[in-house]
Amino acid sequence: MRVLFLHPNFPAQFRHVATILGRDPNNQVVFGTKNERPEWKIPGVKKALFTPSRDPRPETHHYVRPLESAVLHGQAVYRTMLALKSQGFVPDLVYGHSGWGPTLFVKDVFPDSKLMCYFEWFYWAHGSDADFDPADPLSPDDEAKIRVKNAPILMDLYSCDWGLSPTKWQKSQFPHEFQRKMTAMHDGVDTEFFQPNPGAKLVLPNLDLSGADEIVTYVSRGMEPYRGFPEFIESIAYLQEKRPNCHVVIVASERVCYGKSLPNGQTYKEQMLAKVPLDMSRVHFVGTLPYGQYLKVLQASDAHIYLTRPFVLSWSMIESMSAGCVVVGSDTAPVREVIRDGENGFLVDFFSPKQIADRVHEVLEHPTRMAHIRENARKTVLRP
């Protein structure tokens, strides 16, 4: 079988399936990406690099800039696919991430190849992430820009033979007329790697919490309102009053990955630490971590906080459950699709830092009673 993966990053959502396909010597697997990442190699998988010829023009209307970027990515992939075709590589299946543009012109180069798209998100101005926070209202300009942002995704919905979306709720955000050729299926996590380690102590190169009585963890790509970072910081203040021996470990980079940045270059970390007085001797920002160190954080966690607007579900939540964490998650879609309150985790009001802290306090107060929650969390991830 010949398979071509397409994604600007590597290996992204296709890591596990590419690894499995690459193990079979009867398969020819090529991964088209613009991020070479020489430190990342998958046996049996060949990289084919593509590079957009330029960035979107500054003078392009700001509604259309994401579409121009997608076309430029699609054009670069088009040239890469022509090169592969000239070398005799014609895939049976092309599997690519929709939205950034790599899949736009697949059918023009490989009309007989099956095209499957990974549909992560469809944008709406109302009813999901964009208008979730009443303190962050949308302008008419925002609404129009969001509508146009779906243009390359709609092109892929029309062109693809089939699509995958990682959760039922994310699939439900796509237009009904296209859902008939989509399947809700999570891209998976490595459950052999993310395993529980009861009694694990946390020791990182620059942080030794081996003597800590209680460790609360938070993981996110960035520090931003989309992932509840402001509410999380406020909850720490309440938690520190209740739990004088509790340490909080934050695995995240000081940037915004989703949503709006603050004006004047200020970060949400700077804003929230200036606003909320904390005992910083018990709050540890460790940045992003290599997988081995990240796993140690999860394995040593006594309570793991995961907050999100109604948006894309993070791998970190599934990985934390696989590692046997007690997840205190926001009562938002698609979290509630995975976590059943009081059975395999706990659900809390996204906008209530006090409720978040109270529930974490309850988890820490009754560690023995949490054993079945940990077991059920991992069982949920292992379930086919």
# chains A, B, ... in the order shown; residues from 1 in each chain; ligands from 1

call {"tool": "residues_around", "arguments": {"residues": "Leu278 in chain A", "least_positions_apart": "2", "cutoff": "7 Å", "atoms": "only C-alpha atoms", "output": "list of chain:residue names"}}
result
A:Ala237, A:Val276, A:Met280

call {"tool": "write_last_selection", "arguments": {"atoms": "C-alpha atoms", "output": "short mmCIF file (atom, residue, chain, number, x, y, z; two decimals), in the first residue's frame"}}
result
data_model
loop_
_atom_site.label_atom_id
_atom_site.label_comp_id
_atom_site.auth_asym_id
_atom_site.auth_seq_id
_atom_site.Cartn_x
_atom_site.Cartn_y
_atom_site.Cartn_z
CA ALA A 237 -5.10 31.35 45.03
CA VAL A 276 -3.53 37.35 41.61
CA MET A 280 5.32 31.45 44.12
#

call {"tool": "select_by_dssp", "arguments": {"residues": "range 10-93 of chain A", "states": "strand (DSSP E or B)", "output": "count of residues only"}}
result
12

call {"tool": "atom_distance", "arguments": {"atom1": "CA of Gly199 in chain A", "atom2": "CA of Leu289 in chain A"}}
result
21.1 Å

call {"tool": "closest_residue", "arguments": {"among": "A:Ile339, A:Cys257, A:Val189, A:Ile42", "to": "Ser316 in chain A", "atoms": "only C-alpha atoms"}}
result
A:Val189

call {"tool": "closest_atom_pairs", "arguments": {"of": "range 333-372 of chain A", "to": "range 204-215 of chain A", "cutoff": "12 Å", "atoms": "only C-alpha atoms", "output": "Markdown table"}}
result
| residue | atom | partner | partner_atom | distance |
| --- | --- | --- | --- | --- |
| A:Val360 | CA | A:Ile215 | CA | 10.6 |
| A:His361 | CA | A:Glu214 | CA | 10.4 |
| A:Val363 | CA | A:Glu214 | CA | 10.5 |
| A:Leu364 | CA | A:Glu214 | CA | 7.2 |
| A:Glu365 | CA | A:Glu214 | CA | 9.9 |
| A:His366 | CA | A:Glu214 | CA | 11.7 |
| A:Pro367 | CA | A:Glu214 | CA | 10.1 |

call {"tool": "residues_around", "arguments": {"residues": "Ile146 in chain A", "least_positions_apart": "6", "cutoff": "12 Å", "atoms": "only C-alpha atoms", "output": "PyMOL selection string"}}
result
chain A and resi 62-67+121-126+129-131+138-140+259

call {"tool": "write_last_selection", "arguments": {"atoms": "C-alpha atoms", "output": "compact mmCIF listing (two decimals), in the first residue's frame"}}
result
# COMPACT_ATOMS: atom_id res chain seq x y z
CA HIS A 62 -7.48 40.39 6.45
CA TYR A 63 -10.54 38.17 5.95
CA VAL A 64 -8.79 36.48 3.04
CA ARG A 65 -5.24 36.17 4.41
CA PRO A 66 -5.84 32.67 5.87
CA LEU A 67 -7.23 31.54 2.49
CA TRP A 121 -12.45 22.16 13.49
CA PHE A 122 -15.14 24.10 11.65
CA TYR A 123 -15.45 27.74 12.63
CA TRP A 124 -18.65 29.35 13.87
CA ALA A 125 -19.11 32.86 15.26
CA HIS A 126 -21.81 31.69 17.65
CA ASP A 129 -15.64 28.77 21.15
CA ALA A 130 -15.72 32.24 19.62
CA ASP A 131 -18.55 33.72 21.70
CA LEU A 138 -17.37 39.50 18.93
CA SER A 139 -17.50 42.46 16.58
CA PRO A 140 -19.27 42.28 13.20
CA GLY A 259 -7.42 33.12 20.41

call {"tool": "closest_residue", "arguments": {"among": "A:Gly127, A:Val335, A:Gly101, A:Ser220", "to": "Tyr294 in chain A", "atoms": "only C-alpha atoms"}}
result
A:Ser220

call {"tool": "residues_around", "arguments": {"residues": "range 351-353 of chain A", "least_positions_apart": "2", "cutoff": "6 Å", "atoms": "only C-alpha atoms", "output": "ChimeraX atom specification"}}
result
/A:231,234-235,349,355-356

call {"tool": "write_last_selection", "arguments": {"atoms": "N, CA and C atoms", "output": "short mmCIF file (atom, residue, chain, number, x, y, z; two decimals), in the first residue's frame"}}
result
data_model
loop_
_atom_site.label_atom_id
_atom_site.label_comp_id
_atom_site.auth_asym_id
_atom_site.auth_seq_id
_atom_site.Cartn_x
_atom_site.Cartn_y
_atom_site.Cartn_z
N GLU A 231 -8.58 31.53 34.64
CA GLU A 231 -9.38 30.90 35.69
C GLU A 231 -8.53 29.93 36.51
N GLU A 234 -6.46 31.91 39.01
CA GLU A 234 -7.31 32.36 40.12
C GLU A 234 -7.65 31.20 41.04
N SER A 235 -7.81 30.02 40.49
CA SER A 235 -8.14 28.86 41.33
C SER A 235 -6.97 28.49 42.24
N ASP A 349 -17.40 24.08 36.63
CA ASP A 349 -17.75 25.28 35.86
C ASP A 349 -16.47 25.98 35.39
N GLN A 355 -14.95 26.99 42.43
CA GLN A 355 -15.44 25.62 42.29
C GLN A 355 -14.32 24.69 41.83
N ILE A 356 -13.46 25.19 40.96
CA ILE A 356 -12.30 24.39 40.52
C ILE A 356 -11.44 24.04 41.72
#

call {"tool": "residues_around", "arguments": {"residues": "Ser128 in chain A", "least_positions_apart": "4", "cutoff": "10 Å", "atoms": "only C-alpha atoms", "output": "PDB file with C-alpha atoms, in the first residue's frame"}}
result
ATOM      1  CA  TYR A 123     -15.448  27.744  12.625  1.00  0.00           C
ATOM      2  CA  TRP A 124     -18.653  29.352  13.875  1.00  0.00           C
ATOM      3  CA  PHE A 132     -18.141  31.495  24.775  1.00  0.00           C
ATOM      4  CA  ASP A 133     -16.817  34.211  27.074  1.00  0.00           C
ATOM      5  CA  GLN A 173     -19.725  21.385  14.165  1.00  0.00           C
ATOM      6  CA  ARG A 309     -13.601  26.542  25.832  1.00  0.00           C
ATOM      7  CA  PRO A 310     -15.936  24.445  23.643  1.00  0.00           C
ATOM      8  CA  PHE A 311     -13.162  23.759  21.158  1.00  0.00           C
ATOM      9  CA  THR A 332     -17.667  22.015  28.354  1.00  0.00           C
ATOM     10  CA  ALA A 333     -17.827  20.195  25.041  1.00  0.00           C
TER      11      ALA A 333
END

call {"tool": "closest_residue", "arguments": {"among": "A:Lys242, A:Pro384, A:Ser253, A:Tyr306", "to": "Asp358 in chain A", "atoms": "only C-alpha atoms"}}
result
A:Lys242

call {"tool": "residues_around", "arguments": {"residues": "Pro25 in chain A", "least_positions_apart": "2", "cutoff": "12 Å", "atoms": "only C-alpha atoms", "output": "list in words"}}
result
Met1, Arg2, Thr19, Ile20, Leu21, Gly22, Arg23, Asn27, Gln28, Val29, Pro43, Gly44 and Val45 of chain A

call {"tool": "write_last_selection", "arguments": {"atoms": "N, CA and C atoms", "output": "compact mmCIF listing (two decimals), in the first residue's frame"}}
result
# COMPACT_ATOMS: atom_id res chain seq x y z
N MET A 1 0.85 -1.20 0.00
CA MET A 1 0.00 0.00 0.00
C MET A 1 0.88 1.24 0.00
N ARG A 2 0.51 2.20 -0.81
CA ARG A 2 1.23 3.48 -0.87
C ARG A 2 0.39 4.56 -0.19
N THR A 19 3.42 5.49 12.11
CA THR A 19 4.34 4.53 12.73
C THR A 19 3.93 3.09 12.43
N ILE A 20 2.64 2.81 12.56
CA ILE A 20 2.14 1.46 12.30
C ILE A 20 2.32 1.08 10.83
N LEU A 21 1.95 1.99 9.94
CA LEU A 21 2.08 1.70 8.51
C LEU A 21 3.55 1.57 8.10
N GLY A 22 4.42 2.37 8.73
CA GLY A 22 5.84 2.32 8.39
C GLY A 22 6.52 1.02 8.78
N ARG A 23 5.94 0.30 9.74
CA ARG A 23 6.53 -0.96 10.19
C ARG A 23 6.40 -2.08 9.16
N ASN A 27 4.54 -1.66 2.70
CA ASN A 27 3.99 -0.32 2.49
C ASN A 27 5.07 0.66 2.04
N GLN A 28 4.68 1.62 1.25
CA GLN A 28 5.51 2.79 0.94
C GLN A 28 4.82 3.99 1.57
N VAL A 29 5.48 4.61 2.55
CA VAL A 29 4.86 5.69 3.30
C VAL A 29 5.70 6.96 3.14
N PRO A 43 10.65 5.09 11.52
CA PRO A 43 11.14 4.03 10.64
C PRO A 43 10.12 3.67 9.56
N GLY A 44 10.60 3.60 8.34
CA GLY A 44 9.74 3.24 7.23
C GLY A 44 8.96 4.39 6.63
N VAL A 45 9.16 5.59 7.16
CA VAL A 45 8.44 6.77 6.67
C VAL A 45 9.45 7.77 6.10

call {"tool": "residues_around", "arguments": {"residues": "Leu104 in chain A", "least_positions_apart": "3", "cutoff": "9 Å", "atoms": "only C-alpha atoms", "output": "short mmCIF file (atom, residue, chain, number, x, y, z; two decimals) with N, CA, C and O atoms, in the first residue's frame"}}
result
data_model
loop_
_atom_site.label_atom_id
_atom_site.label_comp_id
_atom_site.auth_asym_id
_atom_site.auth_seq_id
_atom_site.Cartn_x
_atom_site.Cartn_y
_atom_site.Cartn_z
N ALA A 70 -3.48 29.29 2.78
CA ALA A 70 -3.83 27.91 2.44
C ALA A 70 -3.51 27.61 0.98
O ALA A 70 -2.99 26.53 0.65
N VAL A 71 -3.81 28.53 0.09
CA VAL A 71 -3.52 28.33 -1.33
C VAL A 71 -2.02 28.23 -1.57
O VAL A 71 -1.55 27.39 -2.35
N HIS A 73 0.21 27.16 0.59
CA HIS A 73 0.60 25.83 1.07
C HIS A 73 0.19 24.75 0.07
O HIS A 73 0.97 23.84 -0.24
N GLY A 74 -1.04 24.87 -0.44
CA GLY A 74 -1.51 23.89 -1.42
C GLY A 74 -0.68 23.89 -2.68
O GLY A 74 -0.39 22.83 -3.26
N GLN A 75 -0.27 25.07 -3.11
CA GLN A 75 0.58 25.19 -4.30
C GLN A 75 1.93 24.51 -4.08
O GLN A 75 2.44 23.80 -4.96
N VAL A 77 2.58 22.07 -1.98
CA VAL A 77 2.36 20.64 -1.95
C VAL A 77 2.11 20.10 -3.36
O VAL A 77 2.56 19.00 -3.72
N TYR A 78 1.41 20.86 -4.17
CA TYR A 78 1.15 20.48 -5.57
C TYR A 78 2.48 20.18 -6.27
O TYR A 78 2.62 19.15 -6.94
N SER A 98 -6.92 19.11 7.08
CA SER A 98 -7.64 20.16 6.36
C SER A 98 -7.59 21.48 7.11
O SER A 98 -7.66 21.52 8.33
N GLY A 99 -7.48 22.56 6.36
CA GLY A 99 -7.55 23.90 6.93
C GLY A 99 -6.36 24.74 6.55
O GLY A 99 -6.50 25.91 6.19
N TRP A 100 -5.15 24.16 6.63
CA TRP A 100 -3.95 24.92 6.29
C TRP A 100 -3.64 24.90 4.79
O TRP A 100 -2.78 25.62 4.33
N GLY A 101 -4.29 24.00 4.04
CA GLY A 101 -4.15 24.04 2.60
C GLY A 101 -3.43 22.90 1.91
O GLY A 101 -3.55 22.78 0.69
N LYS A 107 -6.46 16.10 -5.61
CA LYS A 107 -7.20 15.45 -6.69
C LYS A 107 -6.76 15.93 -8.08
O LYS A 107 -7.04 15.24 -9.09
N ASP A 108 -6.07 17.05 -8.15
CA ASP A 108 -5.58 17.53 -9.44
C ASP A 108 -4.34 16.77 -9.88
O ASP A 108 -4.08 16.62 -11.07
N PRO A 152 -11.12 27.14 2.85
CA PRO A 152 -10.35 25.95 2.43
C PRO A 152 -10.90 24.65 2.99
O PRO A 152 -10.78 23.59 2.35
N ILE A 153 -11.54 24.71 4.16
CA ILE A 153 -12.12 23.51 4.74
C ILE A 153 -13.32 23.06 3.91
O ILE A 153 -13.50 21.86 3.65
N MET A 155 -13.72 23.54 0.75
CA MET A 155 -13.18 22.95 -0.49
C MET A 155 -12.78 21.50 -0.26
O MET A 155 -13.03 20.62 -1.09
N ASP A 156 -12.16 21.22 0.90
CA ASP A 156 -11.77 19.85 1.22
C ASP A 156 -12.97 18.96 1.48
O ASP A 156 -12.98 17.78 1.11
N SER A 159 -14.10 17.91 -1.87
CA SER A 159 -13.19 17.10 -2.67
C SER A 159 -12.87 15.74 -2.07
O SER A 159 -12.58 14.79 -2.81
#

call {"tool": "closest_residue", "arguments": {"among": "A:Glu143, A:Glu59, A:Asp92, A:Asp190", "to": "Val17 in chain A", "atoms": "only C-alpha atoms"}}
result
A:Asp190

call {"tool": "decode", "arguments": {"residues": "range 232-309 of chain A", "atoms": "C-alpha atoms", "output": "CSV table (one decimal), in the first residue's frame"}}
result
chain,number,residue,atom,x,y,z
A,232,PHE,CA,-6.7,28.3,36.5
A,233,ILE,CA,-4.4,31.0,38.1
A,234,GLU,CA,-7.3,32.4,40.1
A,235,SER,CA,-8.1,28.9,41.3
A,236,ILE,CA,-4.6,28.4,42.6
A,237,ALA,CA,-5.1,31.4,45.0
A,238,TYR,CA,-8.1,29.6,46.6
A,239,LEU,CA,-6.3,26.3,46.6
A,240,GLN,CA,-3.3,27.7,48.4
A,241,GLU,CA,-5.5,28.9,51.2
A,242,LYS,CA,-7.0,25.4,51.7
A,243,ARG,CA,-3.9,23.3,51.0
A,244,PRO,CA,-0.7,24.8,52.6
A,245,ASN,CA,1.5,21.9,51.4
A,246,CYS,CA,0.2,21.8,47.8
A,247,HIS,CA,2.6,22.5,44.9
A,248,VAL,CA,1.3,23.3,41.4
A,249,VAL,CA,3.3,22.4,38.3
A,250,ILE,CA,2.5,24.1,35.0
A,251,VAL,CA,3.7,22.6,31.8
A,252,ALA,CA,3.1,25.2,29.1
A,253,SER,CA,4.9,27.8,27.0
A,254,GLU,CA,4.4,31.5,27.6
A,255,ARG,CA,2.5,32.2,24.4
A,256,VAL,CA,-0.9,32.2,22.8
A,257,CYS,CA,-1.7,29.3,20.5
A,258,TYR,CA,-5.5,29.9,20.2
A,259,GLY,CA,-7.4,33.1,20.4
A,260,LYS,CA,-6.3,36.7,20.8
A,261,SER,CA,-3.1,38.0,22.3
A,262,LEU,CA,-3.0,40.8,24.8
A,263,PRO,CA,-2.1,44.3,23.6
A,264,ASN,CA,1.3,45.8,24.1
A,265,GLY,CA,3.0,42.4,24.0
A,266,GLN,CA,1.9,41.5,27.5
A,267,THR,CA,1.5,37.8,28.2
A,268,TYR,CA,-1.4,36.2,30.1
A,269,LYS,CA,1.1,34.9,32.6
A,270,GLU,CA,2.3,38.4,33.3
A,271,GLN,CA,-1.2,39.7,33.5
A,272,MET,CA,-2.5,37.1,35.9
A,273,LEU,CA,0.5,37.0,38.2
A,274,ALA,CA,0.2,40.8,38.6
A,275,LYS,CA,-3.5,40.4,39.3
A,276,VAL,CA,-3.5,37.4,41.6
A,277,PRO,CA,-1.2,37.1,44.7
A,278,LEU,CA,0.3,33.7,44.9
A,279,ASP,CA,2.9,31.9,47.0
A,280,MET,CA,5.3,31.4,44.1
A,281,SER,CA,7.5,29.1,46.1
A,282,ARG,CA,4.7,26.5,45.5
A,283,VAL,CA,4.0,27.4,41.9
A,284,HIS,CA,6.4,26.0,39.3
A,285,PHE,CA,6.4,27.0,35.6
A,286,VAL,CA,8.5,24.4,33.8
A,287,GLY,CA,7.8,25.4,30.2
A,288,THR,CA,7.4,22.7,27.6
A,289,LEU,CA,9.1,19.4,28.4
A,290,PRO,CA,10.5,16.4,26.5
A,291,TYR,CA,8.0,13.5,26.5
A,292,GLY,CA,9.9,11.6,29.2
A,293,GLN,CA,9.8,14.5,31.7
A,294,TYR,CA,6.2,15.3,30.8
A,295,LEU,CA,5.3,11.8,31.6
A,296,LYS,CA,6.9,12.1,35.0
A,297,VAL,CA,4.8,15.1,35.8
A,298,LEU,CA,1.6,13.3,34.9
A,299,GLN,CA,2.6,10.2,36.9
A,300,ALA,CA,3.3,12.2,40.0
A,301,SER,CA,0.1,14.2,39.8
A,302,ASP,CA,-2.4,14.0,42.6
A,303,ALA,CA,-4.9,16.2,40.7
A,304,HIS,CA,-4.8,17.3,37.1
A,305,ILE,CA,-6.7,20.4,35.9
A,306,TYR,CA,-7.9,20.6,32.3
A,307,LEU,CA,-9.9,23.6,31.2
A,308,THR,CA,-11.0,24.5,27.7
A,309,ARG,CA,-13.6,26.5,25.8
